[in-house]
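Text of the file protein29.cif, holding mmCIF, C-alpha atoms:
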data_my_file
loop_
_atom_site.group_PDB
_atom_site.id
_atom_site.type_symbol
_atom_site.label_atom_id
_atom_site.label_comp_id
_atom_site.auth_asym_id
_atom_site.auth_seq_id
_atom_site.Cartn_x
_atom_site.Cartn_y
_atom_site.Cartn_z
ATOM 1 C CA THR A 1 -46.160 6.545 11.849
ATOM 2 C CA LEU A 2 -45.076 9.739 10.124
ATOM 3 C CA LEU A 3 -43.185 10.859 13.201
ATOM 4 C CA ARG A 4 -41.553 7.450 13.540
ATOM 5 C CA ASN A 5 -40.440 7.453 9.877
ATOM 6 C CA ARG A 6 -39.089 10.942 10.314
ATOM 7 C CA GLN A 7 -37.168 9.846 13.416
ATOM 8 C CA LEU A 8 -35.774 6.796 11.586
ATOM 9 C CA ALA A 9 -34.632 9.020 8.730
ATOM 10 C CA PHE A 10 -33.013 11.403 11.207
ATOM 11 C CA ASP A 11 -31.239 8.519 12.963
ATOM 12 C CA GLU A 12 -29.971 7.223 9.618
ATOM 13 C CA ILE A 13 -28.554 10.616 8.631
ATOM 14 C CA ARG A 14 -26.906 10.959 12.041
ATOM 15 C CA ALA A 15 -25.395 7.470 11.705
ATOM 16 C CA LEU A 16 -24.025 8.312 8.270
ATOM 17 C CA LYS A 17 -22.496 11.537 9.554
ATOM 18 C CA SER A 18 -20.895 9.764 12.496
ATOM 19 C CA GLY A 19 -19.550 6.928 10.364
ATOM 20 C CA ALA A 20 -21.577 4.260 12.182
ATOM 21 C CA HIS A 21 -23.028 3.304 8.809
ATOM 22 C CA GLY A 22 -21.961 4.112 5.320
ATOM 23 C CA HIS A 23 -20.211 2.760 2.250
ATOM 24 C CA ALA A 24 -16.619 3.637 1.330
ATOM 25 C CA ARG A 25 -15.264 3.230 -2.198
ATOM 26 C CA ILE A 26 -11.490 3.584 -2.143
ATOM 27 C CA GLY A 27 -8.508 2.658 -4.265
ATOM 28 C CA LEU A 28 -5.447 0.744 -3.152
ATOM 29 C CA ALA A 29 -1.920 0.529 -4.541
ATOM 30 C CA PRO A 30 0.367 -2.386 -3.559
ATOM 31 C CA ALA A 31 2.337 -0.216 -1.115
ATOM 32 C CA PHE A 32 -0.701 -0.230 1.218
ATOM 33 C CA SER A 33 -1.855 -3.812 0.761
ATOM 34 C CA GLY A 34 -0.323 -4.801 4.090
ATOM 35 C CA TYR A 35 -1.932 -2.001 6.111
ATOM 36 C CA LEU A 36 -5.469 -1.497 4.853
ATOM 37 C CA PRO A 37 -6.944 -4.974 5.602
ATOM 38 C CA GLY A 38 -6.298 -4.597 9.328
ATOM 39 C CA VAL A 39 -7.825 -1.122 9.403
ATOM 40 C CA ILE A 40 -10.982 -2.256 7.623
ATOM 41 C CA ARG A 41 -11.231 -5.372 9.792
ATOM 42 C CA ASN A 42 -11.110 -3.235 12.943
ATOM 43 C CA LEU A 43 -13.739 -0.825 11.629
ATOM 44 C CA ARG A 44 -16.047 -3.717 10.747
ATOM 45 C CA GLU A 45 -15.661 -5.108 14.268
ATOM 46 C CA GLN A 46 -16.542 -1.730 15.771
ATOM 47 C CA ARG A 47 -19.475 -0.958 13.448
ATOM 48 C CA SER A 48 -21.058 -3.802 11.537
ATOM 49 C CA GLY A 49 -23.162 -1.363 9.522
ATOM 50 C CA VAL A 50 -20.271 -0.075 7.394
ATOM 51 C CA THR A 51 -19.482 -1.566 3.995
ATOM 52 C CA PHE A 52 -16.496 -1.178 1.703
ATOM 53 C CA GLU A 53 -15.505 -1.428 -1.942
ATOM 54 C CA VAL A 54 -11.737 -1.620 -2.432
ATOM 55 C CA ILE A 55 -10.271 -1.304 -5.927
ATOM 56 C CA GLU A 56 -6.638 -2.283 -6.487
ATOM 57 C CA GLY A 57 -4.734 -0.627 -9.280
ATOM 58 C CA THR A 58 -1.768 1.351 -10.492
ATOM 59 C CA TYR A 59 -1.253 5.022 -9.706
ATOM 60 C CA ASP A 60 -2.503 6.154 -13.128
ATOM 61 C CA ALA A 61 -5.615 3.981 -13.000
ATOM 62 C CA LEU A 62 -6.493 5.025 -9.444
ATOM 63 C CA VAL A 63 -6.091 8.719 -10.267
ATOM 64 C CA GLN A 64 -8.430 8.383 -13.241
ATOM 65 C CA ARG A 65 -11.035 6.510 -11.192
ATOM 66 C CA THR A 66 -10.870 9.218 -8.531
ATOM 67 C CA LEU A 67 -11.247 12.011 -11.081
ATOM 68 C CA LYS A 68 -14.295 10.270 -12.576
ATOM 69 C CA GLY A 69 -15.879 9.830 -9.143
ATOM 70 C CA GLU A 70 -15.803 6.034 -9.338
ATOM 71 C CA ILE A 71 -13.942 5.972 -6.026
ATOM 72 C CA GLU A 72 -13.678 8.573 -3.267
ATOM 73 C CA GLY A 73 -9.914 8.479 -3.201
ATOM 74 C CA ALA A 74 -6.900 6.188 -3.266
ATOM 75 C CA PHE A 75 -3.960 5.167 -1.118
ATOM 76 C CA THR A 76 -1.003 5.132 -3.478
ATOM 77 C CA MET A 77 2.659 5.813 -4.075
ATOM 78 C CA LEU A 78 3.501 9.142 -5.676
ATOM 79 C CA PRO A 79 5.741 8.707 -8.724
ATOM 80 C CA PRO A 80 8.646 11.193 -8.681
ATOM 81 C CA GLY A 81 7.731 14.489 -10.291
ATOM 82 C CA GLU A 82 4.026 13.673 -10.637
ATOM 83 C CA SER A 83 1.543 16.480 -10.003
ATOM 84 C CA VAL A 84 -2.238 16.188 -10.153
ATOM 85 C CA GLU A 85 -3.576 19.694 -9.552
ATOM 86 C CA SER A 86 -7.186 18.584 -9.981
ATOM 87 C CA LEU A 87 -6.900 16.295 -6.926
ATOM 88 C CA ALA A 88 -6.140 16.945 -3.273
ATOM 89 C CA VAL A 89 -3.074 15.103 -1.997
ATOM 90 C CA LYS A 90 -2.692 14.157 1.670
ATOM 91 C CA LEU A 91 0.900 13.092 2.227
ATOM 92 C CA LEU A 92 1.240 10.132 4.579
ATOM 93 C CA THR A 93 4.800 8.848 4.928
ATOM 94 C CA ASN A 94 8.062 7.987 3.237
ATOM 95 C CA GLU A 95 7.751 4.237 2.846
ATOM 96 C CA PRO A 96 11.117 2.416 2.939
ATOM 97 C CA VAL A 97 12.002 0.046 0.133
ATOM 98 C CA THR A 98 13.045 -3.437 1.240
ATOM 99 C CA ILE A 99 14.668 -6.354 -0.573
ATOM 100 C CA VAL A 100 12.814 -9.518 0.412
ATOM 101 C CA ALA A 101 13.508 -13.218 0.016
ATOM 102 C CA ASP A 102 12.261 -16.625 1.075
ATOM 103 C CA PRO A 103 13.209 -17.432 4.717
ATOM 104 C CA ASP A 104 15.522 -20.221 3.493
ATOM 105 C CA HIS A 105 17.404 -18.039 1.023
ATOM 106 C CA PRO A 106 21.170 -18.518 1.591
ATOM 107 C CA LEU A 107 21.857 -14.782 1.440
ATOM 108 C CA LEU A 108 20.082 -14.375 4.780
ATOM 109 C CA GLU A 109 23.055 -16.066 6.429
ATOM 110 C CA ILE A 110 25.265 -13.094 5.470
ATOM 111 C CA GLU A 111 25.081 -10.386 8.139
ATOM 112 C CA GLN A 112 25.905 -7.447 5.824
ATOM 113 C CA LEU A 113 25.465 -7.885 2.076
ATOM 114 C CA SER A 114 27.576 -6.143 -0.527
ATOM 115 C CA PRO A 115 26.694 -5.519 -4.209
ATOM 116 C CA ALA A 116 28.931 -8.447 -5.101
ATOM 117 C CA ASN A 117 26.632 -10.777 -3.123
ATOM 118 C CA LEU A 118 23.670 -9.727 -5.272
ATOM 119 C CA GLU A 119 25.442 -9.688 -8.635
ATOM 120 C CA HIS A 120 24.288 -13.127 -9.814
ATOM 121 C CA GLU A 121 20.830 -13.203 -8.202
ATOM 122 C CA ALA A 122 17.591 -13.277 -10.206
ATOM 123 C CA TRP A 123 14.772 -10.794 -9.540
ATOM 124 C CA ILE A 124 11.017 -10.548 -9.951
ATOM 125 C CA VAL A 125 9.706 -7.012 -10.529
ATOM 126 C CA MET A 126 6.316 -5.322 -10.678
ATOM 127 C CA ASN A 127 5.846 -3.822 -14.146
ATOM 128 C CA ARG A 128 2.797 -1.618 -13.631
ATOM 129 C CA PRO A 129 3.258 1.291 -13.802
ATOM 130 C CA ARG A 130 6.274 0.944 -16.035
ATOM 131 C CA SER A 131 8.120 3.514 -13.942
ATOM 132 C CA ILE A 132 8.597 0.778 -11.298
ATOM 133 C CA VAL A 133 10.923 -1.120 -13.642
ATOM 134 C CA ASP A 134 12.854 2.067 -14.376
ATOM 135 C CA GLY A 135 13.021 2.744 -10.638
ATOM 136 C CA PHE A 136 14.332 -0.776 -10.040
ATOM 137 C CA TYR A 137 17.189 -0.291 -12.500
ATOM 138 C CA GLN A 138 18.034 3.032 -10.838
ATOM 139 C CA LEU A 139 18.010 1.338 -7.415
ATOM 140 C CA ALA A 140 20.239 -1.445 -8.735
ATOM 141 C CA SER A 141 22.677 1.085 -10.167
ATOM 142 C CA GLU A 142 22.823 2.943 -6.844
ATOM 143 C CA GLN A 143 23.610 -0.380 -5.130
ATOM 144 C CA GLY A 144 26.463 -1.064 -7.548
ATOM 145 C CA LEU A 145 24.654 -3.624 -9.738
ATOM 146 C CA SER A 146 25.394 -2.796 -13.356
ATOM 147 C CA ALA A 147 23.129 -5.374 -15.037
ATOM 148 C CA PRO A 148 20.618 -7.019 -12.652
ATOM 149 C CA HIS A 149 18.923 -10.114 -14.029
ATOM 150 C CA ILE A 150 15.147 -9.641 -14.082
ATOM 151 C CA ALA A 151 13.811 -13.173 -14.486
ATOM 152 C CA ILE A 152 10.098 -12.296 -14.191
ATOM 153 C CA GLU A 153 7.982 -9.171 -14.614
ATOM 154 C CA THR A 154 4.395 -9.191 -13.377
ATOM 155 C CA SER A 155 1.480 -6.868 -12.722
ATOM 156 C CA SER A 156 0.246 -9.087 -9.861
ATOM 157 C CA LEU A 157 1.583 -8.463 -6.370
ATOM 158 C CA ASP A 158 0.032 -11.721 -5.096
ATOM 159 C CA PHE A 159 1.811 -13.679 -7.825
ATOM 160 C CA LEU A 160 5.088 -11.921 -7.036
ATOM 161 C CA LYS A 161 4.942 -12.729 -3.338
ATOM 162 C CA SER A 162 3.825 -16.318 -3.950
ATOM 163 C CA ILE A 163 6.701 -17.055 -6.293
ATOM 164 C CA VAL A 164 9.344 -15.481 -4.035
ATOM 165 C CA LYS A 165 8.263 -17.897 -1.320
ATOM 166 C CA GLY A 166 10.031 -21.192 -1.905
ATOM 167 C CA SER A 167 12.377 -19.850 -4.582
ATOM 168 C CA ARG A 168 15.701 -18.030 -4.812
ATOM 169 C CA LEU A 169 14.153 -15.005 -6.496
ATOM 170 C CA LEU A 170 14.542 -11.602 -4.866
ATOM 171 C CA ALA A 171 12.136 -8.657 -4.966
ATOM 172 C CA ALA A 172 12.481 -4.970 -4.083
ATOM 173 C CA LEU A 173 9.215 -3.621 -2.680
ATOM 174 C CA PRO A 174 7.888 -0.896 -0.381
ATOM 175 C CA ARG A 175 7.594 -2.265 3.171
ATOM 176 C CA GLY A 176 3.809 -1.854 3.159
ATOM 177 C CA ALA A 177 3.454 -4.240 0.224
ATOM 178 C CA VAL A 178 4.967 -7.082 2.259
ATOM 179 C CA TYR A 179 4.077 -5.952 5.777
ATOM 180 C CA SER A 180 1.889 -9.000 6.509
ATOM 181 C CA GLU A 181 4.500 -11.454 5.191
ATOM 182 C CA LEU A 182 7.277 -9.806 7.204
ATOM 183 C CA SER A 183 5.070 -9.918 10.301
ATOM 184 C CA ASN A 184 4.336 -13.644 9.994
ATOM 185 C CA GLY A 185 7.832 -14.570 8.835
ATOM 186 C CA SER A 186 6.902 -15.965 5.421
ATOM 187 C CA LEU A 187 9.288 -13.438 3.836
ATOM 188 C CA LYS A 188 12.496 -11.952 5.212
ATOM 189 C CA VAL A 189 14.382 -8.725 4.579
ATOM 190 C CA LEU A 190 17.938 -8.884 3.291
ATOM 191 C CA ASN A 191 20.402 -6.613 5.059
ATOM 192 C CA VAL A 192 21.759 -4.495 2.215
ATOM 193 C CA GLY A 193 22.203 -1.259 4.121
ATOM 194 C CA SER A 194 20.365 1.973 3.430
ATOM 195 C CA LEU A 195 17.778 1.904 0.654
ATOM 196 C CA PRO A 196 15.668 4.775 -0.692
ATOM 197 C CA SER A 197 12.028 5.363 0.218
ATOM 198 C CA VAL A 198 8.898 6.160 -1.774
ATOM 199 C CA GLN A 199 6.420 8.915 -0.960
ATOM 200 C CA THR A 200 2.920 7.655 -0.168
ATOM 201 C CA ALA A 201 -0.305 9.632 -0.021
ATOM 202 C CA PHE A 202 -4.084 9.558 -0.098
ATOM 203 C CA VAL A 203 -5.321 11.334 -3.227
ATOM 204 C CA HIS A 204 -8.944 12.457 -3.415
ATOM 205 C CA ARG A 205 -11.216 14.998 -5.002
ATOM 206 C CA HIS A 206 -11.251 18.460 -3.471
ATOM 207 C CA GLY A 207 -13.880 19.009 -0.806
ATOM 208 C CA VAL A 208 -15.007 17.259 2.350
ATOM 209 C CA MET A 209 -14.515 13.494 2.499
ATOM 210 C CA SER A 210 -17.183 11.226 3.968
ATOM 211 C CA PRO A 211 -16.810 10.427 7.694
ATOM 212 C CA LEU A 212 -16.011 6.787 6.981
ATOM 213 C CA VAL A 213 -13.257 7.552 4.453
ATOM 214 C CA THR A 214 -11.873 10.232 6.781
ATOM 215 C CA GLU A 215 -11.652 7.667 9.577
ATOM 216 C CA ILE A 216 -9.926 5.145 7.310
ATOM 217 C CA VAL A 217 -7.288 7.750 6.464
ATOM 218 C CA HIS A 218 -6.809 8.590 10.141
ATOM 219 C CA GLU A 219 -6.462 4.898 11.040
ATOM 220 C CA ILE A 220 -3.869 4.380 8.314
ATOM 221 C CA GLU A 221 -1.929 7.387 9.621
ATOM 222 C CA SER A 222 -2.074 5.962 13.152
ATOM 223 C CA ALA A 223 -0.838 2.556 11.964
ATOM 224 C CA LEU A 224 2.052 4.169 10.102
ATOM 225 C CA ARG A 225 3.018 6.256 13.145
ATOM 226 C CA SER A 226 2.955 3.200 15.419
ATOM 227 C CA LEU A 227 5.094 1.245 12.981
ATOM 228 C CA GLN A 228 7.592 4.097 12.711
ATOM 229 C CA GLU A 229 7.817 4.387 16.505
ATOM 230 C CA SER A 230 8.407 0.643 16.880
ATOM 231 C CA THR A 231 11.072 0.769 14.154
ATOM 232 C CA ASP A 232 12.863 3.676 15.831
ATOM 233 C CA CYS A 233 12.988 1.893 19.184
#
Whole structure given in structure tokens:
Amino acid sequence: TLLRNRQLAFDEIRALKSGAHGHARIGLAPAFSGYLPGVIRNLREQRSGVTFEVIEGTYDALVQRTLKGEIEGAFTMLPPGESVESLAVKLLTNEPVTIVADPDHPLLEIEQLSPANLEHEAWIVMNRPRSIVDGFYQLASEQGLSAPHIAIETSSLDFLKSIVKGSRLLAALPRGAVYSELSNGSLKVLNVGSLPSVQTAFVHRHGVMSPLVTEIVHEIESALRSLQESTDC
């Protein structure tokens, strides 16, 4: 019995090290909400012994949770000029910003939009962190919109996407935040030419990450590479 218990303990440790079992606590910003579900679903299909705790939040909140050890790390956008020396930062990709609308929005009939086409449209904007609103106004200015009409501000990405569907509201979001909706056609991208991108990363405490979290990061990187290759083709 003692030998059997020792062997079971050894097998459990080996499974944890290999990632066959284990529990991952990670944070998630809206920019990754379209990518992470598929990665976790695939891992669960491969190894039913793994479990996950996913916390959604803003950059500031996710950084604080990581520093406190409440989560192992977080997939998030990097606000311009931000530096967190106490955390390790694994850069992932420059995520393009898209302007999305309901599939029946009349602007989709215009092959190439100009600022004048957007002048009188109403927008819904994420307001957490507040820098997103400031970034939206900067984006609007770069697109030649002097005073965009923000009809709704919200901290809920689900609410934002739900209200864009079936309305004339527009939203400017990183592609990853609406990846699922773009894939199934429930939202469409307006052709407004070149838009800026946002830097995305996985931030975590210094040191070795658990095998399961390491694999999640690798799978996200693979998904982003595949998407970039398909976009370039």
Atom CA of Val198 of chain A sits from atom CA of Ile216 of chain A at a separation of 20.9 Å
Pick out the residues sitting within 12 Å of Gly207 of chain A, and hand them over as a list in words; count all atoms listed in the file, and ignore anything fewer than 4 positions along from it in its own chain.
-> Glu72, Gly73, Ser86, Leu87, Ala88, Val89, Val203 and Thr214 of chain A
Pick out the closest residue to Arg47 of chain A from this set: A:His204, A:Leu212, A:Ser230, A:Val164. Count all atoms listed in the file.
->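 When distances to Arg47 of chain A are compared using all atoms listed in the file, the smallest one comes from A:Leu212.
With distances taken over all atoms listed in the file, A:Ser33 is the one residue among A:Thr200, A:Ser33, A:Ser131, A:Ser48 lying closest to Tyr179 of chain A.
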Near Ala177 of chain A, within 6 Å and counting all atoms listed in the file, which residues show up once chain neighbours fewer than 5 positions away are dropped, as a list of chain:residue names?
-> A:Pro30, A:Ala31, A:Phe32, A:Ser33, A:Gly34
Output C-alpha atoms for every residue in that selection, as a tab-separated table (two decimals), in the coordinates of the input.
chain	number	residue	atom	x	y	z
A	30	PRO	CA	0.37	-2.39	-3.56
A	31	ALA	CA	2.34	-0.22	-1.12
A	32	PHE	CA	-0.70	-0.23	1.22
A	33	SER	CA	-1.86	-3.81	0.76
A	34	GLY	CA	-0.32	-4.80	4.09
Quick one: pull the distance between atom CA of Leu91 of chain A and atom CA of Thr51 of chain A, Å, one decimal.
-> 25.2 Å
